[in-house]
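**Q** Provided below: run-v4.txt, containing compact mmCIF, C-alpha atoms.
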# COMPACT_ATOMS: atom_id res chain seq x y z
CA MET A 35 10.95 42.99 3.12
CA GLU A 36 8.15 44.57 1.16
CA PHE A 37 5.62 46.34 3.35
CA LYS A 38 2.11 44.94 2.96
CA ASP A 39 -0.67 47.48 2.85
CA TYR A 40 -3.46 45.51 4.50
CA TYR A 41 -5.94 48.34 3.94
CA SER A 42 -5.47 48.37 0.19
CA ILE A 43 -5.58 44.55 0.11
CA LEU A 44 -9.06 44.73 1.65
CA GLY A 45 -9.90 47.80 -0.46
CA VAL A 46 -10.77 49.98 2.54
CA GLU A 47 -9.55 53.36 3.81
CA PRO A 48 -7.12 53.37 6.74
CA ASN A 49 -9.82 54.97 8.89
CA ALA A 50 -12.38 52.27 8.01
CA ASP A 51 -14.43 51.06 10.98
CA ASP A 52 -14.73 47.39 12.03
CA LYS A 53 -17.98 46.97 10.17
CA ALA A 54 -16.48 48.15 6.87
CA ILE A 55 -13.47 45.89 7.36
CA LYS A 56 -15.65 42.89 8.08
CA LEU A 57 -17.83 43.61 5.07
CA ALA A 58 -14.81 44.00 2.78
CA TYR A 59 -13.35 40.75 4.07
CA ARG A 60 -16.59 38.82 3.61
CA ARG A 61 -17.02 40.13 0.09
CA LEU A 62 -13.47 39.21 -0.92
CA ALA A 63 -13.56 35.88 0.92
CA ARG A 64 -16.67 34.90 -1.00
CA GLN A 65 -14.96 35.93 -4.23
CA TYR A 66 -11.60 34.24 -3.67
CA HIS A 67 -12.10 31.41 -1.20
CA PRO A 68 -10.25 28.53 -2.90
CA ASP A 69 -13.01 26.05 -2.06
CA VAL A 70 -15.64 28.04 -3.90
CA SER A 71 -13.72 30.23 -6.36
CA LYS A 72 -12.53 29.17 -9.79
CA HIS A 73 -10.30 32.25 -10.04
CA LYS A 74 -6.85 31.11 -11.11
CA ASP A 75 -5.01 32.90 -8.28
CA ALA A 76 -7.78 32.27 -5.75
CA GLU A 77 -5.65 30.64 -3.07
CA GLU A 78 -2.94 33.28 -3.25
CA LYS A 79 -5.44 36.12 -3.17
CA PHE A 80 -7.45 34.60 -0.36
CA LYS A 81 -4.35 34.11 1.76
CA ALA A 82 -3.51 37.80 1.37
CA VAL A 83 -7.08 38.84 2.21
CA ALA A 84 -7.29 36.48 5.21
CA GLU A 85 -4.01 37.75 6.55
CA ALA A 86 -5.05 41.38 6.18
CA TYR A 87 -8.31 40.62 7.98
CA GLU A 88 -6.55 38.68 10.71
CA VAL A 89 -4.64 41.85 11.57
CA LEU A 90 -7.23 44.53 10.93
CA HIS A 91 -10.15 43.00 12.78
CA HIS A 92 -8.21 42.58 16.02
CA ALA A 93 -7.97 45.97 17.72
CA ASP A 94 -4.58 45.32 19.31
CA LYS A 95 -2.99 43.87 16.17
CA ARG A 96 -4.44 46.69 14.11
CA ALA A 97 -3.02 49.32 16.49
CA GLN A 98 0.38 47.67 16.29
CA TYR A 99 0.19 47.53 12.50
CA ASP A 100 -0.98 51.15 12.23
CA GLU A 101 1.97 52.22 14.29
CA LEU A 102 4.37 50.50 11.89
CA ARG A 103 2.54 51.89 8.93
CA LEU A 104 2.71 55.46 10.19
CA ALA A 105 6.35 55.11 11.16
CA ARG A 106 7.11 53.86 7.67
CA GLN A 107 5.29 56.81 6.09
CA ARG A 108 7.44 59.19 8.11
CA ARG A 109 10.63 57.71 6.64
CA PRO A 110 11.83 59.60 3.59
CA SER A 111 12.87 56.56 1.49
CA GLY A 112 9.61 54.87 2.24
CA HIS A 113 10.64 51.27 1.68
CA ALA A 114 12.63 50.20 4.69
CA ALA A 115 10.98 49.04 7.87
CA PRO A 116 10.50 51.39 10.80
CA ASN A 117 12.05 50.07 13.93
CA SER A 118 13.65 46.76 13.33
CA ALA A 119 16.65 45.86 11.26
CA ASP A 120 14.98 42.53 10.47
CA TYR A 121 12.42 44.17 8.27
CA ALA A 122 14.76 45.25 5.54
CA GLN A 123 16.74 42.08 5.27
CA SER A 124 14.58 39.50 3.62
CA ASN A 125 12.17 39.44 0.77
CA HIS A 126 9.50 36.91 1.52
CA ASP A 127 5.76 36.61 1.28
CA PHE A 128 2.82 37.71 3.37
CA ALA A 129 3.24 35.05 5.99
CA ASP A 130 6.80 36.20 6.65
CA PHE A 131 5.74 39.79 6.88
CA PHE A 132 2.99 38.87 9.31
CA GLN A 133 5.31 36.65 11.27
CA SER A 134 7.90 39.39 11.55
CA ILE A 135 5.31 41.61 13.22
CA PHE A 136 3.23 39.20 15.26
CA GLY A 137 5.55 36.26 15.71
CA THR A 138 3.20 33.56 14.41
CA ALA A 139 2.42 32.26 10.95
CA GLY A 140 0.22 34.72 9.12
CA THR A 141 -2.39 32.42 7.72
CA ARG A 142 -5.61 31.54 9.44
CA PRO A 143 -5.72 28.24 11.30
CA HIS A 144 -6.81 25.84 8.56
CA TYR A 145 -4.45 27.24 5.97
CA GLN A 146 -1.30 26.66 7.90
CA SER A 147 1.20 25.10 5.60
CA THR A 148 3.47 24.22 8.47
CA GLN A 149 2.62 23.36 12.02
CA ALA A 150 4.57 24.65 14.97
CA PRO A 151 7.01 22.00 16.11
CA TYR A 152 5.82 20.66 19.43
CA ALA A 153 7.71 18.01 21.37
CA MET A 154 5.30 15.25 20.32
CA GLN A 155 3.22 15.80 17.26
CA LYS A 156 1.81 13.53 14.59
CA GLY A 157 3.35 14.23 11.18
CA ARG A 158 1.36 16.15 8.61
CA ASP A 159 -0.93 14.35 6.21
CA VAL A 160 0.08 14.82 2.60
CA GLU A 161 -2.31 14.86 -0.32
CA LEU A 162 -1.16 14.40 -3.91
CA GLU A 163 -2.95 14.18 -7.20
CA TRP A 164 -2.12 10.86 -8.83
CA PRO A 165 -2.69 10.58 -12.58
CA LEU A 166 -3.46 7.03 -13.69
CA PHE A 167 -4.16 5.45 -17.04
CA LEU A 168 -7.50 3.72 -17.39
CA GLU A 169 -5.58 0.48 -18.03
CA ASP A 170 -3.96 0.78 -14.57
CA THR A 171 -7.36 0.40 -12.92
CA LEU A 172 -8.66 -2.70 -14.72
CA ALA A 173 -7.08 -5.22 -12.37
CA ASP A 174 -5.14 -4.89 -9.12
CA SER A 175 -1.82 -3.41 -10.18
CA VAL A 176 1.26 -1.82 -8.65
CA LYS A 177 2.76 1.52 -9.62
CA PRO A 178 5.68 3.46 -8.17
CA ILE A 179 5.21 6.98 -6.84
CA GLU A 180 7.81 9.54 -5.80
CA TYR A 181 7.07 12.57 -3.67
CA THR A 182 8.58 14.95 -1.17
CA VAL A 183 7.46 15.54 2.42
CA GLN A 184 8.54 18.21 4.84
CA HIS A 185 9.71 17.44 8.32
CA HIS A 186 11.61 19.12 11.10
CA ASN A 187 15.04 17.86 12.06
CA GLN A 188 16.19 17.58 15.68
CA GLN A 189 17.09 21.27 15.70
CA GLY A 190 13.53 22.07 14.64
CA GLN A 191 14.54 23.23 11.17
CA PRO A 192 12.30 22.31 8.24
CA GLN A 193 13.78 19.80 5.80
CA GLU A 194 12.59 18.05 2.69
CA LEU A 195 12.55 14.29 2.55
CA LYS A 196 12.23 12.39 -0.74
CA LYS A 197 10.11 9.28 -0.58
CA SER A 198 9.37 6.59 -3.12
CA LEU A 199 6.80 3.84 -2.76
CA ASN A 200 5.22 1.09 -4.78
CA VAL A 201 1.49 1.49 -4.38
CA LYS A 202 -1.13 -1.14 -5.05
CA ILE A 203 -3.98 0.24 -7.16
CA PRO A 204 -7.21 -1.61 -6.37
CA ALA A 205 -9.14 -2.77 -9.43
CA GLY A 206 -12.04 -0.47 -10.23
CA THR A 207 -10.41 2.69 -8.84
CA ARG A 208 -12.29 5.68 -10.25
CA GLU A 209 -11.72 9.33 -11.06
CA GLY A 210 -11.84 11.56 -7.98
CA GLU A 211 -11.42 8.76 -5.41
CA ARG A 212 -8.85 9.05 -2.67
CA ILE A 213 -6.72 6.24 -1.38
CA ARG A 214 -4.94 6.45 1.91
CA LEU A 215 -1.49 5.17 2.76
CA LYS A 216 -1.22 5.15 6.49
CA GLY A 217 2.02 6.51 7.93
CA GLN A 218 3.44 7.60 4.55
CA GLY A 219 3.01 11.36 5.11
CA SER A 220 5.47 13.62 6.94
CA PRO A 221 7.36 12.01 9.83
CA GLY A 222 6.06 12.74 13.32
CA ILE A 223 7.98 14.79 15.84
CA GLY A 224 9.53 12.90 18.73
CA ASN A 225 7.98 9.47 18.91
CA ALA A 226 4.70 10.62 17.40
CA PRO A 227 3.40 8.68 14.40
CA ALA A 228 3.91 9.87 10.83
CA GLY A 229 1.05 11.51 8.94
CA ASP A 230 -0.76 9.73 6.14
CA LEU A 231 -0.45 10.02 2.39
CA TYR A 232 -3.65 10.59 0.43
CA LEU A 233 -3.60 9.95 -3.29
CA HIS A 234 -6.32 11.77 -5.19
CA ILE A 235 -6.99 9.74 -8.33
CA ARG A 236 -7.08 11.54 -11.65
CA LEU A 237 -7.72 9.42 -14.73
CA ILE A 238 -5.79 10.50 -17.81
CA PRO A 239 -8.22 10.78 -20.76
CA HIS A 240 -7.98 7.68 -22.92
CA PRO A 241 -7.26 8.20 -26.64
CA LEU A 242 -10.15 5.91 -27.66
CA PHE A 243 -12.54 5.33 -24.77
CA ASP A 244 -14.74 7.61 -22.69
CA ILE A 245 -16.19 6.52 -19.36
CA GLU A 246 -19.87 6.71 -18.47
CA GLY A 247 -20.47 5.16 -15.06
CA HIS A 248 -19.09 1.65 -15.45
CA ASN A 249 -19.71 1.63 -19.20
CA LEU A 250 -17.18 2.57 -21.85
CA LEU A 251 -17.92 4.52 -25.02
CA ILE A 252 -16.05 4.42 -28.30
CA THR A 253 -16.83 6.39 -31.44
CA LEU A 254 -17.19 4.08 -34.44
CA PRO A 255 -16.66 5.90 -37.76
CA LEU A 256 -18.47 4.29 -40.72
CA ALA A 257 -18.50 5.09 -44.42
CA PRO A 258 -22.03 5.96 -45.68
CA TRP A 259 -22.24 2.66 -47.60
CA GLU A 260 -21.14 0.70 -44.51
CA ALA A 261 -23.96 2.33 -42.55
CA ALA A 262 -26.38 1.60 -45.40
CA LEU A 263 -25.38 -1.98 -46.17
CA GLY A 264 -24.05 -3.14 -42.82
CA THR A 265 -20.53 -4.46 -42.31
CA LYS A 266 -18.22 -6.41 -40.07
CA ILE A 267 -15.48 -4.43 -38.37
CA THR A 268 -12.63 -5.08 -35.93
CA LEU A 269 -13.32 -3.12 -32.76
CA PRO A 270 -10.68 -2.35 -30.12
CA THR A 271 -11.70 -3.02 -26.53
CA LEU A 272 -9.70 -2.53 -23.34
CA ASN A 273 -8.69 -6.21 -23.43
CA GLY A 274 -8.08 -6.97 -27.08
CA LYS A 275 -9.84 -6.68 -30.41
CA ILE A 276 -13.21 -8.21 -31.25
CA GLN A 277 -15.29 -8.62 -34.40
CA LEU A 278 -18.45 -6.55 -34.50
CA SER A 279 -21.35 -6.79 -36.94
CA VAL A 280 -22.85 -3.46 -37.86
CA PRO A 281 -26.46 -3.86 -39.04
CA ALA A 282 -27.69 -2.40 -42.32
CA ASN A 283 -29.37 1.03 -42.16
CA SER A 284 -27.39 2.13 -39.11
CA GLN A 285 -27.79 5.75 -38.06
CA SER A 286 -25.20 8.23 -36.94
CA GLY A 287 -25.39 8.50 -33.14
CA GLN A 288 -26.81 4.98 -32.77
CA ARG A 289 -25.23 2.94 -29.99
CA LEU A 290 -24.18 -0.66 -30.49
CA ARG A 291 -23.86 -2.48 -27.17
CA ILE A 292 -21.05 -4.95 -26.57
CA LYS A 293 -21.98 -6.67 -23.36
CA GLY A 294 -19.42 -7.15 -20.61
CA LYS A 295 -16.64 -5.13 -22.23
CA GLY A 296 -16.95 -2.16 -19.89
CA LEU A 297 -15.37 -1.59 -16.47
CA ASN A 298 -15.71 -3.71 -13.37
CA GLY A 299 -18.17 -2.00 -11.07
CA LYS A 300 -19.89 -2.68 -7.78
CA ASN A 301 -22.89 -4.08 -9.67
CA GLY A 302 -20.94 -6.27 -12.06
CA VAL A 303 -19.18 -5.58 -15.31
CA GLY A 304 -20.27 -2.67 -17.50
CA ASP A 305 -20.74 -2.68 -21.26
CA LEU A 306 -18.92 -1.10 -24.17
CA PHE A 307 -21.02 1.08 -26.45
CA ALA A 308 -19.83 1.80 -30.00
CA ILE A 309 -21.42 5.07 -31.11
CA ILE A 310 -21.79 5.23 -34.85
CA LYS A 311 -20.46 8.28 -36.66
CA VAL A 312 -21.09 8.31 -40.41
CA VAL A 313 -18.21 10.08 -42.14
CA MET A 314 -17.87 11.23 -45.70
CA PRO A 315 -14.77 10.62 -47.75
CA ALA A 316 -12.72 13.82 -48.02
CA GLN A 317 -12.71 13.73 -51.84
CA ASN A 318 -14.78 12.13 -54.57
CA ASN A 319 -13.53 11.27 -58.04
CA ALA A 320 -15.73 11.61 -61.13
CA ALA A 321 -16.92 7.99 -60.94
CA THR A 322 -18.06 8.17 -57.31
CA GLN A 323 -19.63 11.55 -57.99
CA GLN A 324 -21.62 9.85 -60.72
CA LEU A 325 -22.74 7.13 -58.30
CA TRP A 326 -23.83 9.65 -55.67
CA THR A 327 -25.83 11.47 -58.33
CA GLN A 328 -27.56 8.22 -59.29
CA LEU A 329 -28.31 7.53 -55.65
CA ALA A 330 -29.72 11.02 -55.17
CA GLU A 331 -32.04 10.50 -58.09
CA GLN A 332 -33.22 7.04 -57.07
CA ALA A 333 -33.45 7.18 -53.29
CA ALA A 334 -36.65 8.97 -52.45
CA PHE A 335 -35.41 10.26 -49.13
CA ASP A 336 -36.08 13.58 -47.46
CA PRO A 337 -33.83 13.88 -44.40
CA ARG A 338 -35.64 17.09 -43.38
CA ALA A 339 -39.16 15.71 -43.54
CA GLN A 340 -39.63 16.79 -39.91
CA TRP A 341 -39.24 20.44 -40.86
CA SER A 342 -42.12 20.46 -43.33
CA LYS A 343 -44.49 19.10 -40.67
CA SER A 344 -44.19 22.18 -38.49
CA MET B 55 7.91 -3.30 -0.84
CA THR B 56 4.41 -2.74 -2.07
CA HIS B 57 2.09 -0.58 -0.01
CA ALA B 58 -1.52 -1.59 0.03
CA PRO B 59 -3.76 1.44 0.15
CA GLY B 60 -6.49 1.91 2.70
CA LEU B 61 -9.85 2.99 1.40
CA TYR B 62 -11.15 3.76 4.91
CA ILE B 63 -10.37 5.84 7.96
CA SER B 64 -11.66 5.32 11.50
CA PHE B 65 -13.53 7.80 13.74
CA GLU B 66 -10.56 8.21 16.04
CA GLU B 67 -8.11 8.68 13.17
CA LEU B 68 -10.37 11.31 11.62
CA CYS B 69 -10.42 13.28 14.89
CA GLN B 70 -6.63 13.11 15.13
CA SER B 71 -5.96 14.04 11.52
CA ALA B 72 -8.51 16.86 11.34
CA LEU B 73 -7.47 18.13 14.81
CA ILE B 74 -11.04 18.17 16.10
CA SER B 75 -12.71 16.70 19.16
CA SER B 76 -14.90 13.60 18.99
CA GLU B 77 -17.92 15.73 20.05
CA HIS B 78 -17.28 18.10 17.17
CA LEU B 79 -16.96 15.25 14.70
CA ARG B 80 -20.25 13.80 15.94
CA GLU B 81 -21.89 17.16 15.22
CA LEU B 82 -20.59 17.04 11.65
CA ILE B 83 -21.97 13.51 11.33
CA ASP B 84 -25.34 14.65 12.72
CA LEU B 85 -25.38 17.35 10.04
CA GLN B 86 -24.54 14.63 7.50
CA ILE B 87 -21.45 16.53 6.39
CA ILE B 88 -19.82 13.12 6.50
CA LEU B 89 -21.35 9.73 7.16
CA PRO B 90 -19.76 6.45 8.23
CA LEU B 91 -19.80 3.77 5.57
CA SER B 92 -20.03 0.98 8.10
CA GLY B 93 -20.02 0.20 11.81
CA ALA B 94 -22.76 0.42 14.45
CA GLN B 95 -20.77 2.12 17.23
CA ALA B 96 -18.35 5.06 16.98
CA HIS B 97 -15.35 2.84 17.69
CA GLU B 98 -16.34 0.60 14.77
CA TRP B 99 -17.17 3.39 12.32
CA GLN B 100 -15.30 3.38 9.04
CA PHE B 101 -15.34 6.42 6.78
CA SER B 102 -14.22 6.77 3.18
CA ALA B 103 -10.67 8.01 2.63
CA SER B 104 -12.17 11.19 1.14
CA SER B 105 -13.77 12.11 4.48
CA LEU B 106 -10.72 13.89 5.83
CA SER B 107 -10.48 16.29 2.92
CA LEU B 108 -14.23 16.92 3.26
CA ILE B 109 -13.93 17.72 6.96
CA LYS B 110 -10.99 20.04 6.31
CA LYS B 111 -13.01 21.79 3.63
CA ALA B 112 -15.95 22.14 6.05
CA LEU B 113 -13.67 23.61 8.72
CA ARG B 114 -12.21 26.10 6.23
CA LEU B 115 -15.61 27.22 4.96
CA HIS B 116 -17.02 27.52 8.47
CA HIS B 117 -14.08 29.55 9.68
CA ASP B 118 -13.10 31.61 6.64
CA LEU B 119 -16.57 32.51 5.39
CA GLU B 120 -17.94 32.78 8.93
CA LEU B 121 -20.76 30.35 8.11
CA ASP B 122 -22.79 28.46 10.68
CA TRP B 123 -22.66 24.67 10.39
CA GLN B 124 -26.01 24.34 8.69
CA ALA B 125 -24.94 26.79 5.99
CA THR B 126 -21.60 25.00 5.73
CA ALA B 127 -23.40 21.72 5.06
CA VAL B 128 -25.50 23.37 2.33
CA VAL B 129 -22.42 24.95 0.70
CA LEU B 130 -20.62 21.60 0.75
CA ASP B 131 -23.57 19.90 -0.93
CA LEU B 132 -23.64 22.59 -3.61
CA ILE B 133 -19.88 22.39 -4.15
CA GLU B 134 -20.13 18.62 -4.51
CA GLU B 135 -22.94 18.96 -7.01
CA ARG B 136 -21.05 21.65 -8.93
CA ASP B 137 -17.92 19.50 -9.06
CA TYR B 138 -19.91 16.53 -10.26
CA LEU B 139 -21.65 18.56 -12.95
CA GLN B 140 -18.36 20.08 -14.10
CA LEU B 141 -16.84 16.63 -14.40
CA GLU B 142 -19.87 15.35 -16.26
CA ASN B 143 -19.90 18.42 -18.49
CA ALA B 144 -16.22 17.96 -19.35
CA ALA B 145 -16.82 14.27 -20.14
CA LEU B 146 -19.82 15.09 -22.35
CA ARG B 147 -17.91 17.83 -24.15
CA HIS B 148 -15.10 15.39 -24.75
CA CYS B 149 -17.56 12.85 -26.19
CA LEU B 150 -19.14 15.51 -28.39
CA GLN B 151 -15.75 16.57 -29.63
CA ARG B 152 -14.95 12.97 -30.56
CA HIS B 153 -18.25 12.52 -32.28
CA TRP B 154 -18.76 15.83 -34.02
CA GLY B 155 -15.22 17.21 -34.15
CA GLU B 156 -12.96 16.90 -37.17
Turn the structure described in the file into structure tokens.
**A**
Amino acid sequence: MEFKDYYSILGVEPNADDKAIKLAYRRLARQYHPDVSKHKDAEEKFKAVAEAYEVLHHADKRAQYDELRLARQRRPSGHAAPNSADYAQSNHDFADFFQSIFGTAGTRPHYQSTQAPYAMQKGRDVELEWPLFLEDTLADSVKPIEYTVQHHNQQGQPQELKKSLNVKIPAGTREGERIRLKGQGSPGIGNAPAGDLYLHIRLIPHPLFDIEGHNLLITLPLAPWEAALGTKITLPTLNGKIQLSVPANSQSGQRLRIKGKGLNGKNGVGDLFAIIKVVMPAQNNAATQQLWTQLAEQAAFDPRAQWSKS
Amino acid sequence: MTHAPGLYISFEELCQSALISSEHLRELIDLQIILPLSGAQAHEWQFSASSLSLIKKALRLHHDLELDWQATAVVLDLIEERDYLQLENAALRHCLQRHWGE
């Protein structure tokens, strides 16, 4: 097992006093705490820092660790463990290293990925991200989910258990919500109840629609002459196509409201907004070029009139 | 078999799942770290299904960053606001990309 240098993890000297160790921990915890940090390896780094601190800020644990550290330095090869054959035999992570010294899981209480198996203990709650399509949330619907939970067998050894469920998705489920499935987490130990399953809803971006509260937005591309003259178009909505009249002299960025074609919300049904985007044809032939030139000459229009005012 | 999801969790269930005492949970409610959605008495209180993850986050912040509970409540509010703004920012960027992108 690789020896963990807790001092270098905290960035302090081996003779650092308690105050320096605490300060180093606080600084690193603020930087890497997974609840506040957006660093990509935040959780991993924080676990290492928390474990180092757990040892170094307890005088007795630190003394025990220092002893191992010094013993290891005295060994010529420098990589095997000092006084226990166990040390050299496995190659696991921090928690294992910590556990091999102190006999308990190395992470701080609320980071424990496994709980000690007691005779009667409720199973662990499990939280999963659940990606859903917007269409799945329009009406009550059912979708299967497969996941794995950990449990301890009768000998107390950890085992993985595959589960599959059909889950009812309530209409109007939104991004970021959690739904709870009671008793569908890890099995309890003894006769204790199973933990719960929490599904954290993540909506997969829709190819056409964006969500704004309980309204939907769609970008409506128009040719310049359609914006100028008005037109009738076929507009997709979440429940079928509709005919939409675009008024003459429509502007890019203008919103056309289609009432009642949004999402079901607590305060009724939202609306669909078609946001106009005037687009130019990629190429013009000589004839259209001629027409644009005529238009330029005849339309007395200064789109930058605002600029000359200032 | 279809499993109907629960959108709520009770006071007692929250204590059991978060491994905290009922007195401690009441303190978190007093600090408005979580609030019941309905129910007049503790035994009738119903919380949103997101409450457990919020309590666990509060416990982590309090313990790992050595914050007092008042500071924990402030940090949680700021994290919530940050998360909301990030989500809104991503949605607006996505809209802009649709509208102004190629």
**Q** One decimal, in Å: what's the spacing between atom CA of A:Ala320 and atom CA of A:Gln285?
**A** 26.7 Å
**Q** Taking all atoms listed in the file into account, which of B:Ala127, B:Ile63, B:Lys111, B:Ile133 comes nearest B:Leu85?
**A** B:Ala127
**Q** What does the distance between atom CA of A:Phe80 and atom CA of A:Arg61 come to in Å, to one decimal place?
**A**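 Interatomic distance, atom CA of A:Phe80 to atom CA of A:Arg61: 11.1 Å.
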**Q** Quick one: everything within 7 Å of A:Leu215, counting all atoms listed in the file, minus sequence neighbours fewer than 2 positions away in the same chain. Send it as a count of residues only.
**A** 8
**Q** Have a look at atom CA of A:Val183 and atom CA of A:Leu195 and let me know their distance in Å, one decimal.
**A** 5.2 Å
**Q** Please determine the contact residues of chain A with respect to chain B at a cut-off of 6 Å, counting all atoms listed in the file, and supply them as an mmCIF file with C-alpha atoms, keeping the file's coordinate frame.
**A**
data_model
loop_
_atom_site.group_PDB
_atom_site.id
_atom_site.type_symbol
_atom_site.label_atom_id
_atom_site.label_comp_id
_atom_site.auth_asym_id
_atom_site.auth_seq_id
_atom_site.Cartn_x
_atom_site.Cartn_y
_atom_site.Cartn_z
ATOM 1 C CA HIS A 144 -6.810 25.840 8.560
ATOM 2 C CA ASN A 200 5.220 1.090 -4.780
ATOM 3 C CA VAL A 201 1.490 1.490 -4.380
ATOM 4 C CA LYS A 202 -1.130 -1.140 -5.050
ATOM 5 C CA ARG A 212 -8.850 9.050 -2.670
ATOM 6 C CA ILE A 213 -6.720 6.240 -1.380
ATOM 7 C CA ARG A 214 -4.940 6.450 1.910
ATOM 8 C CA LEU A 215 -1.490 5.170 2.760
#
**Q** Build an axis-aligned box that encloses every atom of stretch 206-217 of chain A listed in the file, pad it by 5 Å on each side, and report its centre and edge lengths in Å to one decimal, as lines of an AutoDock Vina configuration file.
**A**
center_x = -5.1
center_y = 5.5
center_z = -1.6
size_x = 24.3
size_y = 22.0
size_z = 29.0
**Q** If you count only C-alpha atoms, which residues fall within 12 Å of B:Gly93, apart from same-chain ones fewer than 3 positions away, as a list in words?
**A** Tyr62, Ile63, Ser64, Phe65, Leu89, Pro90, Ala96, His97, Glu98, Trp99, Gln100 and Phe101 of chain B
**Q** Could you list, as JSON, numbers by chain, every residue within 7 Å of A:Gly210, counting all atoms listed in the file and ignoring same-chain residues fewer than 3 positions away?
**A** {"A": [234, 235, 236]}
